[in-house]
Amino acid sequence: MKDYVRKRDGRVHVVEMGCGTGAGAHHVCKTVLPKCTYEAIDMQQAAIRTCQQEFVPELDHRLVATRADCTEVPIEDGTADIVAVCETHVTEIAGKVLEEDRQFFTKVQSILKTGGFLVWGNAIPDKTWQPCLDYLASIGMKLVESHDVTAEAIAARDQDEARVDAYVEQCLERFLAFRIPVFGPKKRAEAEIALKNFYRNPGTNLYVDMENGTDSYKVVLLEKTA
Ligand SMILES: C[S@@+](CC[C@H](N)C(=O)[O-])C[C@H]1O[C@@H](n2cnc3c(N)ncnc32)[C@H](O)[C@@H]1O
């Protein structure tokens, strides 16, 4: 992929599917691919608004933030050099590729130029990787590289634990309803578990799933061959 970018003097067009607030898009535009153009897409209006306010203005029209469902986003076929997918909530069911996942990957394939790349990283059920890669192969997406980075992801969660604990504590403190006797502390504990599970914080179910191999964090690179 570096060769592909070099041959184009860095002037590549990237589409990110499920960009969140666009922090990754900002990092790539500013530091990794400073000559690229980048369309960052997310279905959440609040995330796109944050991206438009925080990151779009400083990037001189190179970054566009679009609110849309990636399974049906109206982007012209064959226009992206790179599609980036980072921790987007697809392919989360063990051993299965759902209809929504197929629509998502089909959209990735159709907006890529032939010879362009999908860069995809996520922690998902280990059993789901192969069916996804099989489906991608069936639509002309060839696996070029695959790296299992679960050990690094666990180490990252360990290093981030104190920050997550402090952040979750500060969030929960703001909700006065959690101070209502009996009912409040019960709901607070549920909210704490849900927030920390989302982070895969040490001790949560999703962290344990990475430790015992139920989920694996992989970073994969696929090329559109047809
Ligand atoms: C865990 S966040 C990751 C955000 C970002 N990629 C990052 O690494 O910080 C997952 C994002 O994917 C978005 N998402 C999930 N399915 C989507 C879909 N079908 N279309 C658009 N966005 C989607 C969610 O709204 C959410 O913001």
# chains A, B, ... in the order shown; residues from 1 in each chain; ligands from 1
>>> closest_atom_pairs(of="chain A", to="ligand 1", cutoff="7 Å", atoms="only C-alpha atoms and all ligand atoms", output="tab-separated table")
residue	atom	partner	partner_atom_place_in_ligand_line	distance
A:Met17	CA	ligand 1	21 (C)	6.1
A:Gly18	CA	ligand 1	12 (O)	3.6
A:Cys19	CA	ligand 1	6 (N)	4.0
A:Gly20	CA	ligand 1	27 (O)	3.6
A:Thr21	CA	ligand 1	4 (C)	6.8
A:Gly22	CA	ligand 1	5 (C)	6.6
A:Ala23	CA	ligand 1	9 (O)	6.4
A:Gly24	CA	ligand 1	9 (O)	6.1
A:Ile41	CA	ligand 1	21 (C)	6.1
A:Asp42	CA	ligand 1	22 (N)	3.7
A:Met43	CA	ligand 1	21 (C)	3.9
A:Gln44	CA	ligand 1	25 (O)	5.0
A:Ala47	CA	ligand 1	27 (O)	6.6
A:Ala68	CA	ligand 1	21 (C)	5.7
A:Asp69	CA	ligand 1	20 (N)	3.6
A:Cys70	CA	ligand 1	20 (N)	3.8
A:Thr71	CA	ligand 1	19 (N)	5.4
A:Val85	CA	ligand 1	6 (N)	6.4
A:Cys86	CA	ligand 1	6 (N)	4.3
A:Glu87	CA	ligand 1	3 (C)	4.8
A:Thr88	CA	ligand 1	12 (O)	3.9
A:His89	CA	ligand 1	15 (C)	4.5
A:Val90	CA	ligand 1	16 (N)	6.2
A:Phe104	CA	ligand 1	19 (N)	6.9
>>> write_last_selection(atoms="N, CA and C atoms", output="PDB file, in the first residue's frame")
ATOM      1  N   MET A  17     -15.142   4.461   6.890  1.00  0.00           N
ATOM      2  CA  MET A  17     -16.520   4.047   7.189  1.00  0.00           C
ATOM      3  C   MET A  17     -16.642   3.813   8.699  1.00  0.00           C
ATOM      4  N   GLY A  18     -17.420   4.669   9.353  1.00  0.00           N
ATOM      5  CA  GLY A  18     -17.568   4.574  10.810  1.00  0.00           C
ATOM      6  C   GLY A  18     -16.446   5.338  11.492  1.00  0.00           C
ATOM      7  N   CYS A  19     -16.372   6.661  11.238  1.00  0.00           N
ATOM      8  CA  CYS A  19     -15.218   7.479  11.669  1.00  0.00           C
ATOM      9  C   CYS A  19     -15.348   7.981  13.098  1.00  0.00           C
ATOM     10  N   GLY A  20     -16.528   7.828  13.731  1.00  0.00           N
ATOM     11  CA  GLY A  20     -16.729   8.443  15.048  1.00  0.00           C
ATOM     12  C   GLY A  20     -16.574   9.953  14.946  1.00  0.00           C
ATOM     13  N   THR A  21     -15.844  10.543  15.892  1.00  0.00           N
ATOM     14  CA  THR A  21     -15.672  12.001  15.884  1.00  0.00           C
ATOM     15  C   THR A  21     -14.575  12.458  14.924  1.00  0.00           C
ATOM     16  N   GLY A  22     -13.894  11.523  14.295  1.00  0.00           N
ATOM     17  CA  GLY A  22     -12.919  11.883  13.255  1.00  0.00           C
ATOM     18  C   GLY A  22     -11.509  12.136  13.760  1.00  0.00           C
ATOM     19  N   ALA A  23     -11.205  11.686  14.970  1.00  0.00           N
ATOM     20  CA  ALA A  23      -9.838  11.885  15.498  1.00  0.00           C
ATOM     21  C   ALA A  23      -8.819  11.138  14.638  1.00  0.00           C
ATOM     22  N   GLY A  24      -9.196   9.922  14.211  1.00  0.00           N
ATOM     23  CA  GLY A  24      -8.300   9.148  13.343  1.00  0.00           C
ATOM     24  C   GLY A  24      -8.140   9.817  11.991  1.00  0.00           C
ATOM     25  N   ILE A  41     -17.060   9.160   7.279  1.00  0.00           N
ATOM     26  CA  ILE A  41     -18.517   8.914   7.332  1.00  0.00           C
ATOM     27  C   ILE A  41     -18.895   8.223   8.639  1.00  0.00           C
ATOM     28  N   ASP A  42     -19.977   8.717   9.227  1.00  0.00           N
ATOM     29  CA  ASP A  42     -20.534   8.040  10.398  1.00  0.00           C
ATOM     30  C   ASP A  42     -22.044   8.251  10.414  1.00  0.00           C
ATOM     31  N   MET A  43     -22.760   7.298  11.007  1.00  0.00           N
ATOM     32  CA  MET A  43     -24.224   7.410  11.041  1.00  0.00           C
ATOM     33  C   MET A  43     -24.695   8.335  12.173  1.00  0.00           C
ATOM     34  N   GLN A  44     -23.801   8.683  13.100  1.00  0.00           N
ATOM     35  CA  GLN A  44     -24.212   9.515  14.238  1.00  0.00           C
ATOM     36  C   GLN A  44     -23.985  10.996  13.946  1.00  0.00           C
ATOM     37  N   ALA A  47     -21.450  12.842  16.220  1.00  0.00           N
ATOM     38  CA  ALA A  47     -20.034  12.563  15.907  1.00  0.00           C
ATOM     39  C   ALA A  47     -19.593  13.396  14.711  1.00  0.00           C
ATOM     40  N   ALA A  68     -24.028   9.462   7.326  1.00  0.00           N
ATOM     41  CA  ALA A  68     -24.734   8.486   6.475  1.00  0.00           C
ATOM     42  C   ALA A  68     -24.552   7.087   7.053  1.00  0.00           C
ATOM     43  N   ASP A  69     -25.454   6.208   6.653  1.00  0.00           N
ATOM     44  CA  ASP A  69     -25.277   4.782   6.938  1.00  0.00           C
ATOM     45  C   ASP A  69     -24.360   4.229   5.849  1.00  0.00           C
ATOM     46  N   CYS A  70     -23.227   3.676   6.259  1.00  0.00           N
ATOM     47  CA  CYS A  70     -22.221   3.241   5.276  1.00  0.00           C
ATOM     48  C   CYS A  70     -22.715   2.124   4.355  1.00  0.00           C
ATOM     49  N   THR A  71     -23.744   1.401   4.757  1.00  0.00           N
ATOM     50  CA  THR A  71     -24.224   0.313   3.886  1.00  0.00           C
ATOM     51  C   THR A  71     -24.915   0.869   2.642  1.00  0.00           C
ATOM     52  N   VAL A  85     -11.463   1.165   7.853  1.00  0.00           N
ATOM     53  CA  VAL A  85     -12.516   0.750   8.785  1.00  0.00           C
ATOM     54  C   VAL A  85     -11.827   0.435  10.112  1.00  0.00           C
ATOM     55  N   CYS A  86     -12.118   1.235  11.134  1.00  0.00           N
ATOM     56  CA  CYS A  86     -11.449   1.037  12.427  1.00  0.00           C
ATOM     57  C   CYS A  86     -12.492   0.892  13.530  1.00  0.00           C
ATOM     58  N   GLU A  87     -12.635  -0.309  14.028  1.00  0.00           N
ATOM     59  CA  GLU A  87     -13.530  -0.595  15.157  1.00  0.00           C
ATOM     60  C   GLU A  87     -14.971  -0.188  14.877  1.00  0.00           C
ATOM     61  N   THR A  88     -15.387  -0.249  13.634  1.00  0.00           N
ATOM     62  CA  THR A  88     -16.785   0.013  13.272  1.00  0.00           C
ATOM     63  C   THR A  88     -17.609  -1.212  13.662  1.00  0.00           C
ATOM     64  N   HIS A  89     -18.797  -0.975  14.177  1.00  0.00           N
ATOM     65  CA  HIS A  89     -19.574  -2.089  14.738  1.00  0.00           C
ATOM     66  C   HIS A  89     -20.244  -2.939  13.664  1.00  0.00           C
ATOM     67  N   VAL A  90     -19.431  -3.614  12.896  1.00  0.00           N
ATOM     68  CA  VAL A  90     -19.972  -4.642  11.990  1.00  0.00           C
ATOM     69  C   VAL A  90     -19.307  -5.964  12.364  1.00  0.00           C
ATOM     70  N   PHE A 104     -22.292  -3.914   3.858  1.00  0.00           N
ATOM     71  CA  PHE A 104     -21.170  -3.036   4.221  1.00  0.00           C
ATOM     72  C   PHE A 104     -19.958  -3.338   3.325  1.00  0.00           C
TER      73      PHE A 104
END
>>> select_by_dssp(residues="region 28-201 of chain A", states="helix (DSSP H, G or I)", output="count of residues only")
88
>>> closest_residue(among="A:Pro74, A:Gln45, A:Ala40, A:Asp81", to="His13 (chain A)", atoms="only C-alpha atoms")
A:Asp81
>>> atom_distance(atom1="CA of Tyr135 (chain A)", atom2="CA of Asn212 (chain A)")
26.1 Å
>>> closest_residue(among="A:Lys196, A:Ala155, A:Thr114, A:Val12", to="Glu169 (chain A)", atoms="only C-alpha atoms")
A:Lys196
>>> closest_residue(among="A:Gly203, A:Lys187, A:Thr128, A:Val182", to="Arg157 (chain A)", atoms="only C-alpha atoms")
A:Gly203
>>> atom_distance(atom1="CA of Glu76 (chain A)", atom2="CA of Lys35 (chain A)")
21.3 Å
>>> select_by_dssp(residues="region 4-75 of chain A", states="strand (DSSP E or B)", output="PyMOL selection string")
chain A and resi 13-17+37-42+63-67
>>> residues_around(residues="Leu59 (chain A)", least_positions_apart="6", cutoff="9 Å", atoms="only C-alpha atoms", output="PDB file with N, CA and C atoms, in the first residue's frame")
ATOM      1  N   HIS A  26      -8.371  12.948  11.324  1.00  0.00           N
ATOM      2  CA  HIS A  26      -7.521  14.124  11.536  1.00  0.00           C
ATOM      3  C   HIS A  26      -6.050  13.711  11.586  1.00  0.00           C
ATOM      4  N   CYS A  29      -4.886  12.665   8.023  1.00  0.00           N
ATOM      5  CA  CYS A  29      -4.765  13.825   7.112  1.00  0.00           C
ATOM      6  C   CYS A  29      -3.578  14.707   7.477  1.00  0.00           C
ATOM      7  N   LYS A  30      -3.347  14.876   8.773  1.00  0.00           N
ATOM      8  CA  LYS A  30      -2.318  15.818   9.207  1.00  0.00           C
ATOM      9  C   LYS A  30      -0.921  15.196   9.173  1.00  0.00           C
TER      10      LYS A  30
END
>>> residues_around(residues="Lys224 (chain A)", least_positions_apart="3", cutoff="9 Å", atoms="only C-alpha atoms", output="CSV table (one decimal) with N, CA and C atoms, in the first residue's frame")
chain,number,residue,atom,x,y,z
A,109,GLN,N,-16.3,-2.5,-1.5
A,109,GLN,CA,-15.8,-3.0,-2.8
A,109,GLN,C,-16.2,-2.1,-3.9
A,112,LEU,N,-14.3,1.4,-4.0
A,112,LEU,CA,-12.8,1.3,-4.3
A,112,LEU,C,-12.5,1.3,-5.8
A,113,LYS,N,-11.4,1.9,-6.1
A,113,LYS,CA,-10.8,1.7,-7.5
A,113,LYS,C,-10.2,0.3,-7.5
A,114,THR,N,-10.2,-0.2,-8.7
A,114,THR,CA,-9.5,-1.5,-8.9
A,114,THR,C,-8.0,-1.3,-8.5
A,115,GLY,N,-7.4,-2.1,-7.7
A,115,GLY,CA,-6.1,-1.9,-7.2
A,115,GLY,C,-6.0,-1.1,-5.9
A,116,GLY,N,-7.2,-0.6,-5.5
A,116,GLY,CA,-7.2,0.1,-4.2
A,116,GLY,C,-7.3,-0.8,-3.0
A,117,PHE,N,-7.2,-0.3,-1.8
A,117,PHE,CA,-7.1,-1.1,-0.6
A,117,PHE,C,-8.2,-0.9,0.5
A,118,LEU,N,-8.6,-2.0,1.1
A,118,LEU,CA,-9.3,-1.9,2.3
A,118,LEU,C,-8.4,-2.1,3.5
A,139,ILE,N,-16.1,-11.4,-3.5
A,139,ILE,CA,-16.5,-10.2,-4.2
A,139,ILE,C,-15.3,-9.5,-4.8
A,140,GLY,N,-14.2,-10.2,-4.8
A,140,GLY,CA,-13.0,-9.7,-5.5
A,140,GLY,C,-12.0,-8.9,-4.7
A,141,MET,N,-12.0,-9.2,-3.3
A,141,MET,CA,-11.1,-8.5,-2.4
A,141,MET,C,-10.1,-9.5,-1.9
A,142,LYS,N,-8.8,-9.3,-2.4
A,142,LYS,CA,-7.8,-10.3,-2.1
A,142,LYS,C,-7.0,-9.9,-0.8
>>> atom_distance(atom1="CA of Cys171 (chain A)", atom2="CA of Ile124 (chain A)")
26.7 Å
>>> closest_residue(among="A:Leu33, A:Ala177, A:Ala25, A:Ala80", to="Glu54 (chain A)", atoms="only C-alpha atoms")
A:Ala25
>>> residues_around(residues="Leu176 (chain A)", least_positions_apart="6", cutoff="12 Å", atoms="only C-alpha atoms", output="PDB file with N, CA and C atoms, in the first residue's frame")
ATOM      1  N   PHE A 183     -32.288   2.604  44.344  1.00  0.00           N
ATOM      2  CA  PHE A 183     -32.381   2.505  42.891  1.00  0.00           C
ATOM      3  C   PHE A 183     -31.131   3.112  42.222  1.00  0.00           C
ATOM      4  N   GLY A 184     -30.681   4.286  42.718  1.00  0.00           N
ATOM      5  CA  GLY A 184     -29.564   5.018  42.105  1.00  0.00           C
ATOM      6  C   GLY A 184     -28.276   4.196  42.043  1.00  0.00           C
ATOM      7  N   PRO A 185     -27.784   3.699  43.180  1.00  0.00           N
ATOM      8  CA  PRO A 185     -26.522   2.943  43.154  1.00  0.00           C
ATOM      9  C   PRO A 185     -26.589   1.693  42.265  1.00  0.00           C
ATOM     10  N   LYS A 187     -28.396   1.322  39.474  1.00  0.00           N
ATOM     11  CA  LYS A 187     -28.294   1.783  38.080  1.00  0.00           C
ATOM     12  C   LYS A 187     -26.881   2.310  37.775  1.00  0.00           C
ATOM     13  N   ARG A 188     -26.271   2.939  38.793  1.00  0.00           N
ATOM     14  CA  ARG A 188     -24.904   3.452  38.613  1.00  0.00           C
ATOM     15  C   ARG A 188     -23.948   2.293  38.330  1.00  0.00           C
TER      16      ARG A 188
END
>>> closest_residue(among="A:Gln103, A:Thr79, A:Asn201, A:Ser138", to="Ala156 (chain A)", atoms="only C-alpha atoms")
A:Asn201
>>> residues_around(residues="Pro202 (chain A)", least_positions_apart="5", cutoff="12 Å", atoms="only C-alpha atoms", output="JSON list (two decimals) with C-alpha atoms, in the first residue's frame")
[["chain", "number", "residue", "atom", "x", "y", "z"],
["A", 153, "ALA", "CA", -4.55, -4.51, 22.31],
["A", 154, "ILE", "CA", -4.60, -6.13, 25.78],
["A", 155, "ALA", "CA", -1.41, -4.26, 26.74],
["A", 156, "ALA", "CA", -3.00, -1.01, 25.52],
["A", 157, "ARG", "CA", -6.09, -1.60, 27.64],
["A", 158, "ASP", "CA", -3.86, -2.30, 30.68],
["A", 159, "GLN", "CA", -1.97, 0.96, 30.14],
["A", 160, "ASP", "CA", -5.24, 2.90, 29.67],
["A", 161, "GLU", "CA", -7.01, 1.49, 32.74],
["A", 162, "ALA", "CA", -6.35, 4.38, 35.16],
["A", 164, "VAL", "CA", -10.69, 5.02, 31.79],
["A", 165, "ASP", "CA", -11.47, 4.55, 35.50],
["A", 193, "ILE", "CA", -20.11, -1.95, 33.80],
["A", 196, "LYS", "CA", -16.07, -0.03, 31.03],
["A", 197, "ASN", "CA", -17.10, -3.01, 28.89],
["A", 207, "TYR", "CA", -11.41, -7.74, 27.98],
["A", 208, "VAL", "CA", -11.63, -11.36, 29.15],
["A", 209, "ASP", "CA", -12.88, -12.34, 25.67],
["A", 210, "MET", "CA", -9.60, -11.01, 24.24],
["A", 211, "GLU", "CA", -7.53, -12.74, 26.95]]
>>> decode(residues="region 99-204 of chain A", atoms="C-alpha atoms", output="CSV table (one decimal), in the first residue's frame")
chain,number,residue,atom,x,y,z
A,99,GLU,CA,-26.8,-9.4,5.6
A,100,GLU,CA,-25.8,-5.9,7.0
A,101,ASP,CA,-22.1,-7.0,7.0
A,102,ARG,CA,-22.4,-8.2,3.4
A,103,GLN,CA,-24.0,-4.8,2.4
A,104,PHE,CA,-21.2,-3.0,4.2
A,105,PHE,CA,-18.4,-5.0,2.4
A,106,THR,CA,-20.2,-4.8,-0.9
A,107,LYS,CA,-20.3,-1.0,-0.5
A,108,VAL,CA,-16.5,-1.0,0.3
A,109,GLN,CA,-15.8,-3.0,-2.8
A,110,SER,CA,-17.9,-0.9,-5.1
A,111,ILE,CA,-16.5,2.5,-4.0
A,112,LEU,CA,-12.8,1.3,-4.3
A,113,LYS,CA,-10.8,1.7,-7.5
A,114,THR,CA,-9.5,-1.5,-8.9
A,115,GLY,CA,-6.1,-1.9,-7.2
A,116,GLY,CA,-7.2,0.1,-4.2
A,117,PHE,CA,-7.1,-1.1,-0.6
A,118,LEU,CA,-9.3,-1.9,2.3
A,119,VAL,CA,-7.5,-1.4,5.7
A,120,TRP,CA,-9.6,-2.9,8.5
A,121,GLY,CA,-8.8,-3.2,12.2
A,122,ASN,CA,-11.1,-4.5,14.9
A,123,ALA,CA,-11.5,-6.8,17.9
A,124,ILE,CA,-14.3,-9.2,16.8
A,125,PRO,CA,-15.2,-12.9,17.6
A,126,ASP,CA,-12.2,-14.9,16.3
A,127,LYS,CA,-14.6,-17.3,14.5
A,128,THR,CA,-16.0,-14.4,12.4
A,129,TRP,CA,-12.7,-13.4,10.7
A,130,GLN,CA,-12.6,-16.3,8.2
A,131,PRO,CA,-16.2,-16.1,7.1
A,132,CYS,CA,-15.7,-12.4,6.5
A,133,LEU,CA,-12.5,-12.9,4.6
A,134,ASP,CA,-14.2,-15.6,2.5
A,135,TYR,CA,-17.1,-13.2,1.7
A,136,LEU,CA,-14.6,-10.5,0.8
A,137,ALA,CA,-12.7,-12.9,-1.5
A,138,SER,CA,-16.0,-13.9,-3.2
A,139,ILE,CA,-16.5,-10.2,-4.2
A,140,GLY,CA,-13.0,-9.7,-5.5
A,141,MET,CA,-11.1,-8.5,-2.4
A,142,LYS,CA,-7.8,-10.3,-2.1
A,143,LEU,CA,-6.1,-10.6,1.4
A,144,VAL,CA,-2.7,-9.1,1.2
A,145,GLU,CA,-1.7,-9.0,4.9
A,146,SER,CA,-3.2,-10.0,8.2
A,147,HIS,CA,-1.7,-9.3,11.7
A,148,ASP,CA,-3.1,-10.5,15.0
A,149,VAL,CA,-2.5,-7.7,17.5
A,150,THR,CA,-4.6,-9.0,20.3
A,151,ALA,CA,-1.6,-9.1,22.7
A,152,GLU,CA,-0.9,-5.4,21.9
A,153,ALA,CA,-4.5,-4.5,22.3
A,154,ILE,CA,-4.6,-6.1,25.8
A,155,ALA,CA,-1.4,-4.3,26.7
A,156,ALA,CA,-3.0,-1.0,25.5
A,157,ARG,CA,-6.1,-1.6,27.6
A,158,ASP,CA,-3.9,-2.3,30.7
A,159,GLN,CA,-2.0,1.0,30.1
A,160,ASP,CA,-5.2,2.9,29.7
A,161,GLU,CA,-7.0,1.5,32.7
A,162,ALA,CA,-6.3,4.4,35.2
A,163,ARG,CA,-7.5,7.0,32.6
A,164,VAL,CA,-10.7,5.0,31.8
A,165,ASP,CA,-11.5,4.6,35.5
A,166,ALA,CA,-11.1,8.3,36.1
A,167,TYR,CA,-13.1,9.2,33.1
A,168,VAL,CA,-16.0,6.9,33.9
A,169,GLU,CA,-16.0,8.1,37.5
A,170,GLN,CA,-16.3,11.7,36.3
A,171,CYS,CA,-19.1,10.8,33.9
A,172,LEU,CA,-21.1,9.0,36.5
A,173,GLU,CA,-20.7,11.7,39.1
A,174,ARG,CA,-22.6,14.1,36.8
A,175,PHE,CA,-25.9,12.1,36.9
A,176,LEU,CA,-27.9,13.2,40.0
A,177,ALA,CA,-30.3,10.3,39.5
A,178,PHE,CA,-27.6,7.9,40.6
A,179,ARG,CA,-27.8,9.5,44.0
A,180,ILE,CA,-31.4,8.4,44.5
A,181,PRO,CA,-31.3,5.9,47.5
A,182,VAL,CA,-31.4,2.1,46.6
A,183,PHE,CA,-32.4,2.5,42.9
A,184,GLY,CA,-29.6,5.0,42.1
A,185,PRO,CA,-26.5,2.9,43.2
A,186,LYS,CA,-27.9,-0.1,41.3
A,187,LYS,CA,-28.3,1.8,38.1
A,188,ARG,CA,-24.9,3.5,38.6
A,189,ALA,CA,-23.2,0.1,38.9
A,190,GLU,CA,-24.9,-1.1,35.7
A,191,ALA,CA,-23.8,2.1,33.8
A,192,GLU,CA,-20.3,1.6,35.1
A,193,ILE,CA,-20.1,-1.9,33.8
A,194,ALA,CA,-21.6,-0.9,30.4
A,195,LEU,CA,-19.1,2.0,30.0
A,196,LYS,CA,-16.1,0.0,31.0
A,197,ASN,CA,-17.1,-3.0,28.9
A,198,PHE,CA,-17.3,-0.7,25.9
A,199,TYR,CA,-13.6,0.2,26.5
A,200,ARG,CA,-12.7,-3.5,27.1
A,201,ASN,CA,-11.3,-2.3,30.4
A,202,PRO,CA,-9.3,-4.9,32.4
A,203,GLY,CA,-11.8,-7.2,34.2
A,204,THR,CA,-14.7,-6.6,31.9
